[in-house]
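Peer 1: Data file start.tsv (TSV, N, CA and C atoms) is appended below.
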chain	number	residue	atom	x	y	z
A	86	SER	N	156.19	-52.53	53.37
A	86	SER	CA	155.45	-52.93	54.53
A	86	SER	C	156.40	-52.97	55.71
A	87	SER	N	155.94	-52.56	56.86
A	87	SER	CA	156.78	-52.50	58.05
A	87	SER	C	156.01	-53.05	59.25
A	88	GLN	N	156.69	-53.88	60.01
A	88	GLN	CA	156.08	-54.45	61.21
A	88	GLN	C	157.16	-54.55	62.27
A	89	ILE	N	156.90	-53.97	63.46
A	89	ILE	CA	157.85	-53.98	64.56
A	89	ILE	C	157.15	-54.51	65.80
A	90	ASP	N	157.82	-55.39	66.51
A	90	ASP	CA	157.26	-55.93	67.74
A	90	ASP	C	158.38	-55.99	68.77
A	91	GLY	N	158.05	-55.79	70.03
A	91	GLY	CA	159.07	-55.85	71.07
A	91	GLY	C	158.46	-55.88	72.45
A	92	SER	N	159.25	-56.43	73.39
A	92	SER	CA	158.80	-56.46	74.77
A	92	SER	C	159.99	-56.30	75.69
A	93	ASP	N	159.71	-55.85	76.90
A	93	ASP	CA	160.73	-55.66	77.93
A	93	ASP	C	161.24	-57.04	78.36
A	94	ARG	N	162.55	-57.27	78.35
A	94	ARG	CA	163.11	-58.58	78.68
A	94	ARG	C	162.84	-58.96	80.14
A	95	GLU	N	162.80	-57.97	81.02
A	95	GLU	CA	162.62	-58.27	82.44
A	95	GLU	C	161.16	-58.51	82.81
A	96	THR	N	160.26	-57.67	82.30
A	96	THR	CA	158.85	-57.75	82.70
A	96	THR	C	157.98	-58.53	81.72
A	97	GLY	N	158.42	-58.60	80.47
A	97	GLY	CA	157.61	-59.26	79.45
A	97	GLY	C	156.52	-58.38	78.86
A	98	TYR	N	156.37	-57.13	79.39
A	98	TYR	CA	155.35	-56.22	78.87
A	98	TYR	C	155.75	-55.70	77.50
A	99	HIS	N	154.73	-55.46	76.66
A	99	HIS	CA	154.96	-54.88	75.34
A	99	HIS	C	155.53	-53.48	75.49
A	100	LEU	N	156.38	-53.08	74.53
A	100	LEU	CA	156.92	-51.72	74.52
A	100	LEU	C	155.88	-50.79	73.94
A	101	ALA	N	155.58	-49.71	74.64
A	101	ALA	CA	154.51	-48.79	74.21
A	101	ALA	C	154.97	-47.82	73.14
A	102	ASP	N	156.27	-47.66	72.94
A	102	ASP	CA	156.75	-46.66	71.98
A	102	ASP	C	157.02	-47.24	70.60
A	103	LEU	N	156.39	-48.36	70.29
A	103	LEU	CA	156.51	-48.95	68.97
A	103	LEU	C	155.55	-48.28	67.99
A	104	GLN	N	155.83	-48.45	66.71
A	104	GLN	CA	154.96	-47.92	65.66
A	104	GLN	C	153.95	-48.99	65.26
A	105	PRO	N	152.81	-48.56	64.72
A	105	PRO	CA	151.84	-49.54	64.20
A	105	PRO	C	152.37	-50.19	62.93
A	106	ASP	N	151.81	-51.32	62.56
A	106	ASP	CA	152.14	-51.96	61.29
A	106	ASP	C	151.72	-51.03	60.16
A	107	THR	N	152.62	-50.81	59.20
A	107	THR	CA	152.32	-49.90	58.09
A	107	THR	C	152.61	-50.55	56.75
A	108	THR	N	151.91	-50.05	55.74
A	108	THR	CA	152.15	-50.42	54.36
A	108	THR	C	152.20	-49.13	53.56
A	109	THR	N	153.22	-48.99	52.72
A	109	THR	CA	153.38	-47.78	51.91
A	109	THR	C	153.28	-48.15	50.43
A	110	PHE	N	152.48	-47.37	49.70
A	110	PHE	CA	152.32	-47.54	48.26
A	110	PHE	C	152.95	-46.33	47.58
A	111	HIS	N	153.72	-46.55	46.52
A	111	HIS	CA	154.33	-45.47	45.74
A	111	HIS	C	153.90	-45.62	44.30
A	112	VAL	N	153.34	-44.55	43.76
A	112	VAL	CA	152.93	-44.52	42.36
A	112	VAL	C	153.59	-43.30	41.73
A	113	ALA	N	154.19	-43.48	40.56
A	113	ALA	CA	154.85	-42.36	39.89
A	113	ALA	C	154.66	-42.49	38.39
A	114	ALA	N	154.67	-41.34	37.73
A	114	ALA	CA	154.57	-41.31	36.27
A	114	ALA	C	155.60	-40.32	35.74
A	115	LYS	N	156.25	-40.72	34.66
A	115	LYS	CA	157.23	-39.85	34.02
A	115	LYS	C	156.62	-39.32	32.73
A	116	LEU	N	156.50	-38.00	32.65
A	116	LEU	CA	155.98	-37.35	31.46
A	116	LEU	C	157.18	-36.88	30.64
A	117	GLN	N	157.67	-37.76	29.78
A	117	GLN	CA	158.92	-37.56	29.06
A	117	GLN	C	158.93	-36.26	28.25
A	118	MET	N	157.83	-35.94	27.58
A	118	MET	CA	157.76	-34.74	26.73
A	118	MET	C	157.94	-33.45	27.55
A	119	LEU	N	157.57	-33.49	28.83
A	119	LEU	CA	157.68	-32.31	29.69
A	119	LEU	C	158.86	-32.37	30.64
A	120	ASP	N	159.65	-33.46	30.56
A	120	ASP	CA	160.77	-33.68	31.48
A	120	ASP	C	160.30	-33.61	32.93
A	121	LEU	N	159.15	-34.20	33.20
A	121	LEU	CA	158.49	-34.08	34.49
A	121	LEU	C	158.18	-35.47	35.06
A	122	GLN	N	158.39	-35.61	36.36
A	122	GLN	CA	157.97	-36.82	37.07
A	122	GLN	C	157.04	-36.39	38.19
A	123	ILE	N	155.89	-37.06	38.28
A	123	ILE	CA	154.94	-36.78	39.36
A	123	ILE	C	154.68	-38.08	40.10
A	124	GLY	N	154.38	-37.97	41.38
A	124	GLY	CA	154.14	-39.19	42.12
A	124	GLY	C	153.46	-38.95	43.45
A	125	SER	N	153.17	-40.05	44.10
A	125	SER	CA	152.50	-40.00	45.39
A	125	SER	C	152.91	-41.20	46.24
A	126	TYR	N	153.08	-40.95	47.52
A	126	TYR	CA	153.27	-42.00	48.51
A	126	TYR	C	152.02	-42.01	49.39
A	127	VAL	N	151.46	-43.18	49.61
A	127	VAL	CA	150.33	-43.33	50.52
A	127	VAL	C	150.75	-44.33	51.59
A	128	THR	N	150.72	-43.90	52.84
A	128	THR	CA	151.08	-44.77	53.96
A	128	THR	C	149.82	-45.10	54.74
A	129	TRP	N	149.57	-46.39	54.88
A	129	TRP	CA	148.41	-46.87	55.62
A	129	TRP	C	148.93	-47.55	56.88
A	130	ALA	N	148.47	-47.13	58.04
A	130	ALA	CA	148.87	-47.73	59.31
A	130	ALA	C	147.66	-48.33	59.99
A	131	GLN	N	147.83	-49.52	60.52
A	131	GLN	CA	146.75	-50.19	61.25
A	131	GLN	C	146.62	-49.57	62.64
A	132	ASP	N	145.51	-49.85	63.29
A	132	ASP	CA	145.35	-49.44	64.69
A	132	ASP	C	146.49	-50.06	65.49
A	133	PHE	N	147.04	-49.31	66.45
A	133	PHE	CA	148.09	-49.83	67.31
A	133	PHE	C	147.46	-50.37	68.58
A	134	THR	N	147.48	-51.69	68.74
A	134	THR	CA	146.90	-52.34	69.91
A	134	THR	C	147.92	-53.24	70.60
A	135	ASN	N	149.15	-53.21	70.13
A	135	ASN	CA	150.20	-54.08	70.66
A	135	ASN	C	150.80	-53.50	71.95
A	136	THR	N	149.94	-53.35	72.96
A	136	THR	CA	150.36	-52.78	74.23
A	136	THR	C	149.57	-53.43	75.36
A	137	ASP	N	150.17	-53.43	76.52
A	137	ASP	CA	149.47	-53.98	77.70
A	137	ASP	C	148.63	-52.92	78.40
A	138	ASP	N	148.78	-51.65	77.99
A	138	ASP	CA	148.06	-50.53	78.59
A	138	ASP	C	147.08	-49.98	77.56
A	139	PRO	N	145.77	-50.19	77.73
A	139	PRO	CA	144.78	-49.72	76.74
A	139	PRO	C	144.82	-48.21	76.50
A	140	THR	N	145.34	-47.43	77.43
A	140	THR	CA	145.41	-45.97	77.22
A	140	THR	C	146.49	-45.60	76.20
A	141	LEU	N	147.38	-46.54	75.86
A	141	LEU	CA	148.44	-46.28	74.88
A	141	LEU	C	148.07	-46.74	73.47
A	142	GLU	N	146.88	-47.29	73.30
A	142	GLU	CA	146.43	-47.69	71.97
A	142	GLU	C	146.19	-46.46	71.12
A	143	ARG	N	146.42	-46.60	69.82
A	143	ARG	CA	146.26	-45.47	68.90
A	143	ARG	C	145.49	-45.92	67.66
A	144	ASP	N	144.72	-44.98	67.11
A	144	ASP	CA	143.96	-45.25	65.89
A	144	ASP	C	144.89	-45.35	64.69
A	145	GLY	N	144.46	-46.14	63.71
A	145	GLY	CA	145.19	-46.23	62.46
A	145	GLY	C	145.02	-44.94	61.67
A	146	TYR	N	145.76	-44.82	60.59
A	146	TYR	CA	145.71	-43.59	59.79
A	146	TYR	C	146.15	-43.87	58.35
A	147	VAL	N	145.80	-42.94	57.47
A	147	VAL	CA	146.27	-42.96	56.09
A	147	VAL	C	146.82	-41.57	55.79
A	148	VAL	N	148.09	-41.53	55.35
A	148	VAL	CA	148.74	-40.25	55.04
A	148	VAL	C	149.16	-40.28	53.58
A	149	THR	N	148.85	-39.22	52.85
A	149	THR	CA	149.17	-39.11	51.43
A	149	THR	C	150.16	-37.98	51.20
A	150	ASP	N	151.26	-38.27	50.51
A	150	ASP	CA	152.26	-37.27	50.11
A	150	ASP	C	152.28	-37.23	48.59
A	151	ILE	N	152.45	-36.04	48.02
A	151	ILE	CA	152.56	-35.91	46.56
A	151	ILE	C	153.82	-35.11	46.23
A	152	TYR	N	154.34	-35.32	45.03
A	152	TYR	CA	155.54	-34.59	44.61
A	152	TYR	C	155.59	-34.46	43.09
A	153	ALA	N	156.41	-33.51	42.66
A	153	ALA	CA	156.69	-33.32	41.23
A	153	ALA	C	158.16	-32.91	41.11
A	154	VAL	N	158.83	-33.43	40.09
A	154	VAL	CA	160.24	-33.10	39.83
A	154	VAL	C	160.37	-32.75	38.36
A	155	TRP	N	160.89	-31.56	38.09
A	155	TRP	CA	161.13	-31.12	36.71
A	155	TRP	C	162.64	-31.04	36.51
A	156	ALA	N	163.15	-31.81	35.54
A	156	ALA	CA	164.57	-31.84	35.22
A	156	ALA	C	164.71	-31.71	33.71
A	157	PRO	N	164.70	-30.47	33.21
A	157	PRO	CA	164.73	-30.26	31.75
A	157	PRO	C	166.00	-30.81	31.11
A	158	GLN	N	165.85	-31.33	29.90
A	158	GLN	CA	166.96	-31.92	29.18
A	158	GLN	C	167.45	-31.06	28.01
A	159	GLN	N	166.80	-29.90	27.78
A	159	GLN	CA	167.27	-29.00	26.73
A	159	GLN	C	168.67	-28.50	27.11
A	160	GLU	N	169.53	-28.33	26.12
A	160	GLU	CA	170.94	-28.00	26.36
A	160	GLU	C	171.14	-26.86	27.34
A	161	ILE	N	170.45	-25.76	27.17
A	161	ILE	CA	170.68	-24.58	28.02
A	161	ILE	C	170.21	-24.78	29.46
A	162	LEU	N	169.21	-25.65	29.66
A	162	LEU	CA	168.67	-25.88	31.00
A	162	LEU	C	169.16	-27.18	31.64
A	163	ARG	N	169.93	-27.99	30.90
A	163	ARG	CA	170.40	-29.26	31.44
A	163	ARG	C	171.20	-29.02	32.72
A	164	GLY	N	170.90	-29.77	33.77
A	164	GLY	CA	171.55	-29.60	35.06
A	164	GLY	C	170.67	-28.86	36.06
A	165	PHE	N	169.60	-28.23	35.56
A	165	PHE	CA	168.65	-27.53	36.43
A	165	PHE	C	167.62	-28.55	36.94
A	166	LEU	N	167.24	-28.42	38.20
A	166	LEU	CA	166.24	-29.32	38.77
A	166	LEU	C	165.34	-28.52	39.71
A	167	LEU	N	164.07	-28.72	39.56
A	167	LEU	CA	163.08	-28.08	40.43
A	167	LEU	C	162.16	-29.17	40.97
A	168	ALA	N	162.07	-29.26	42.30
A	168	ALA	CA	161.23	-30.28	42.93
A	168	ALA	C	160.30	-29.60	43.93
A	169	ALA	N	159.08	-30.10	44.02
A	169	ALA	CA	158.12	-29.57	44.98
A	169	ALA	C	157.24	-30.72	45.46
A	170	GLY	N	156.73	-30.57	46.68
A	170	GLY	CA	155.88	-31.62	47.20
A	170	GLY	C	155.04	-31.14	48.37
A	171	ILE	N	154.07	-31.92	48.69
A	171	ILE	CA	153.22	-31.67	49.86
A	171	ILE	C	153.16	-32.97	50.65
A	172	ASP	N	153.63	-32.92	51.89
A	172	ASP	CA	153.51	-34.06	52.79
A	172	ASP	C	152.22	-33.93	53.57
A	173	ASN	N	151.58	-35.05	53.84
A	173	ASN	CA	150.32	-35.09	54.58
A	173	ASN	C	149.29	-34.17	53.91
A	174	LEU	N	149.06	-34.44	52.64
A	174	LEU	CA	148.19	-33.63	51.78
A	174	LEU	C	146.84	-33.31	52.41
A	175	PHE	N	146.22	-34.27	53.05
A	175	PHE	CA	144.87	-34.07	53.60
A	175	PHE	C	144.89	-33.67	55.07
A	176	ASP	N	146.07	-33.28	55.58
A	176	ASP	CA	146.24	-32.77	56.94
A	176	ASP	C	145.68	-33.74	57.98
A	177	GLU	N	146.02	-35.02	57.81
A	177	GLU	CA	145.57	-36.08	58.72
A	177	GLU	C	146.18	-35.89	60.11
A	178	THR	N	145.38	-36.03	61.13
A	178	THR	CA	145.86	-35.99	62.51
A	178	THR	C	146.17	-37.42	62.94
A	179	TYR	N	147.43	-37.68	63.30
A	179	TYR	CA	147.83	-39.04	63.66
A	179	TYR	C	149.06	-39.02	64.56
A	180	THR	N	149.31	-40.17	65.17
A	180	THR	CA	150.48	-40.35	66.03
A	180	THR	C	151.15	-41.66	65.68
A	181	ARG	N	152.41	-41.59	65.23
A	181	ARG	CA	153.17	-42.81	64.90
A	181	ARG	C	153.57	-43.57	66.16
A	182	VAL	N	154.21	-42.87	67.08
A	182	VAL	CA	154.62	-43.47	68.35
A	182	VAL	C	153.99	-42.66	69.48
A	183	TYR	N	153.81	-43.29	70.63
A	183	TYR	CA	153.16	-42.59	71.74
A	183	TYR	C	154.08	-41.50	72.29
A	184	THR	N	153.69	-40.25	72.10
A	184	THR	CA	154.45	-39.12	72.61
A	184	THR	C	153.55	-38.13	73.32
A	185	GLY	N	152.26	-38.32	73.22
A	185	GLY	CA	151.33	-37.36	73.79
A	185	GLY	C	151.05	-36.20	72.86
A	186	SER	N	151.64	-36.21	71.66
A	186	SER	CA	151.38	-35.15	70.68
A	186	SER	C	151.29	-35.78	69.29
A	187	ASN	N	150.67	-35.03	68.37
A	187	ASN	CA	150.47	-35.53	67.00
A	187	ASN	C	151.67	-35.23	66.12
A	188	GLU	N	151.75	-35.95	65.01
A	188	GLU	CA	152.77	-35.69	64.00
A	188	GLU	C	152.47	-34.36	63.30
A	189	THR	N	153.43	-33.90	62.55
A	189	THR	CA	153.29	-32.65	61.80
A	189	THR	C	152.12	-32.75	60.83
A	190	GLY	N	151.38	-31.67	60.69
A	190	GLY	CA	150.28	-31.63	59.73
A	190	GLY	C	150.80	-31.43	58.32
A	191	ARG	N	149.98	-30.84	57.48
A	191	ARG	CA	150.35	-30.60	56.08
A	191	ARG	C	151.65	-29.79	56.03
A	192	ASN	N	152.55	-30.18	55.12
A	192	ASN	CA	153.86	-29.56	55.00
A	192	ASN	C	154.19	-29.36	53.53
A	193	TYR	N	154.52	-28.12	53.17
A	193	TYR	CA	154.90	-27.79	51.79
A	193	TYR	C	156.41	-27.73	51.71
A	194	LYS	N	156.97	-28.21	50.60
A	194	LYS	CA	158.41	-28.14	50.43
A	194	LYS	C	158.77	-27.95	48.97
A	195	ALA	N	159.92	-27.31	48.76
A	195	ALA	CA	160.41	-27.08	47.40
A	195	ALA	C	161.93	-27.04	47.42
A	196	MET	N	162.52	-27.41	46.30
A	196	MET	CA	163.96	-27.39	46.17
A	196	MET	C	164.32	-27.04	44.73
A	197	MET	N	165.37	-26.25	44.60
A	197	MET	CA	165.87	-25.90	43.28
A	197	MET	C	167.37	-26.09	43.29
A	198	SER	N	167.91	-26.68	42.23
A	198	SER	CA	169.36	-26.85	42.15
A	198	SER	C	169.81	-26.72	40.70
A	199	TYR	N	171.10	-26.44	40.56
A	199	TYR	CA	171.72	-26.38	39.24
A	199	TYR	C	173.09	-27.00	39.36
A	200	GLN	N	173.38	-27.95	38.48
A	200	GLN	CA	174.65	-28.67	38.53
A	200	GLN	C	175.35	-28.55	37.18
A	201	ILE	N	176.63	-28.22	37.22
A	201	ILE	CA	177.42	-28.10	36.00
A	201	ILE	C	178.46	-29.21	36.00
A	202	ALA	N	178.58	-29.90	34.90
A	202	ALA	CA	179.61	-30.93	34.75
A	202	ALA	C	180.70	-30.40	33.82
A	203	TRP	N	181.94	-30.54	34.22
A	203	TRP	CA	183.05	-30.05	33.41
A	203	TRP	C	183.59	-31.14	32.53
With the file now loaded, output its structure as structure tokens.
Peer 2:
Amino acid sequence: SSQIDGSDRETGYHLADLQPDTTTFHVAAKLQMLDLQIGSYVTWAQDFTNTDDPTLERDGYVVTDIYAVWAPQQEILRGFLLAAGIDNLFDETYTRVYTGSNETGRNYKAMMSYQIAW
């Protein structure tokens, strides 16, 4: 959970570039037989109303990210890792801080690595 509050020391006005209060949930499962971990992050943000200027208020949002990590433990494949994920799975349109533009939409990512221990 995250909560940020602030105001200008001279004027006392709320800072408009703050983020809304958010809560993040993480759920993951390890499928031992497949050497696989799958999971999801869900971030819920409340409406942003902590401003003195009503034009800077922003709607709340819910963003869901999913991921999978495969790290085989068989001798020949040990050290290999393959990870993939999708950020903003449902392509939610939202703004964390006031910038006049939205955050990135759906984003696909993947990573592959191999590590050898001597």
Peer 1: Could you check which of A:Leu162, A:Met197, A:Ala202, A:Ala130 is closest to A:Thr107, using all atoms listed in the file?
Peer 2: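 When distances to A:Thr107 are compared using all atoms listed in the file, the smallest one comes from A:Ala130.
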Peer 1: From a DSSP calculation on the backbone, collect every residue of chain A in strand (DSSP E or B) and output the set as a ChimeraX atom specification.
Peer 2: /A:87,92,99,107-116,121-130,133,143,146-155,165-172,192-199
Peer 1: Which distance in Å separates atom CA of A:Leu119 and atom CA of A:Gln200, to one decimal?
Peer 2: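 It comes out at 19.5 Å.
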Peer 1: Can you pull out the residues contacting A:Pro157? Cut-off 7 Å, using all atoms listed in the file, and skip same-chain residues under 6 positions away; I want them as a ChimeraX atom specification.
Peer 2: /A:119-121,163-167
Peer 1: Using only N, CA and C atoms, which protein or nucleic acid residues come within 8 Å of A:Ala113? Drop anything in the same chain fewer than 2 positions from it, and give the result as a list in words.
Peer 2: Phe110, His111, Lys115, Leu116, Gln122, Ile123, Gly124, Ser125 and Tyr126 of chain A
Peer 1: Tell me which of A:Asn173, A:Lys194, A:Val182, A:Ala153 sits closest to A:Asp106, counting only C-alpha atoms.
Peer 2: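 Smallest separation from A:Asp106 among the options: A:Val182.
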Peer 1: Restricting the calculation to only C-alpha atoms, which member of A:Thr180, A:Ser198, A:Asn187, A:Thr96 is positioned closest to A:Asp137?
Peer 2: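 Nearest candidate to A:Asp137 out of A:Thr180, A:Ser198, A:Asn187, A:Thr96: A:Thr96.
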Peer 1: Quick check, in Å to one decimal: how far apart do atom CA of A:Tyr98 and atom CA of A:Thr178 lie?
Peer 2: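 Calculated distance between atom CA of A:Tyr98 and atom CA of A:Thr178 is 27.7 Å.
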Peer 1: Distance atom CA of A:Thr184-atom N of A:Thr149, one decimal place?
Peer 2: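 That distance, rounded to one decimal, is 20.5 Å.
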Peer 1: Can you report as JSON the centre and edge lengths in Å, to one decimal, of an axis-aligned box around the listed atoms of stretch 176-183 of chain A padded with 3 Å on each side?
Peer 2:
{"center_x": 150.0, "center_y": -38.2, "center_z": 63.9, "size_x": 15.2, "size_y": 16.8, "size_z": 22.7}
Peer 1: Counting only C-alpha atoms, which of A:Tyr193, A:Phe175, A:Tyr183, A:Phe133 gets nearest to A:Tyr152?
Peer 2: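 That would be A:Tyr193, the residue with the smallest distance to A:Tyr152.
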Peer 1: Counting all atoms listed in the file, figure out which residue out of A:Leu141, A:Val154, A:Val147, A:Ala114 gets nearest to A:Trp129.
Peer 2: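 Closest residue, counting all atoms listed in the file: A:Val147.
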Peer 1: Among stretch 101-201 of chain A, which ones does DSSP assign to helix (DSSP H, G or I) (computed from the backbone)? Answer as a list of chain:residue names.
Peer 2: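 So, restricting stretch 101-201 of chain A to helix (DSSP H, G or I), we get A:Gln117, A:Met118, A:Leu119, A:Pro139, A:Thr140, A:Leu141.
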Peer 1: For A:Thr140, which of A:Arg94, A:Met196, A:Gly170, A:Gly185 is the closest residue, counting only C-alpha atoms?
Peer 2: A:Gly185
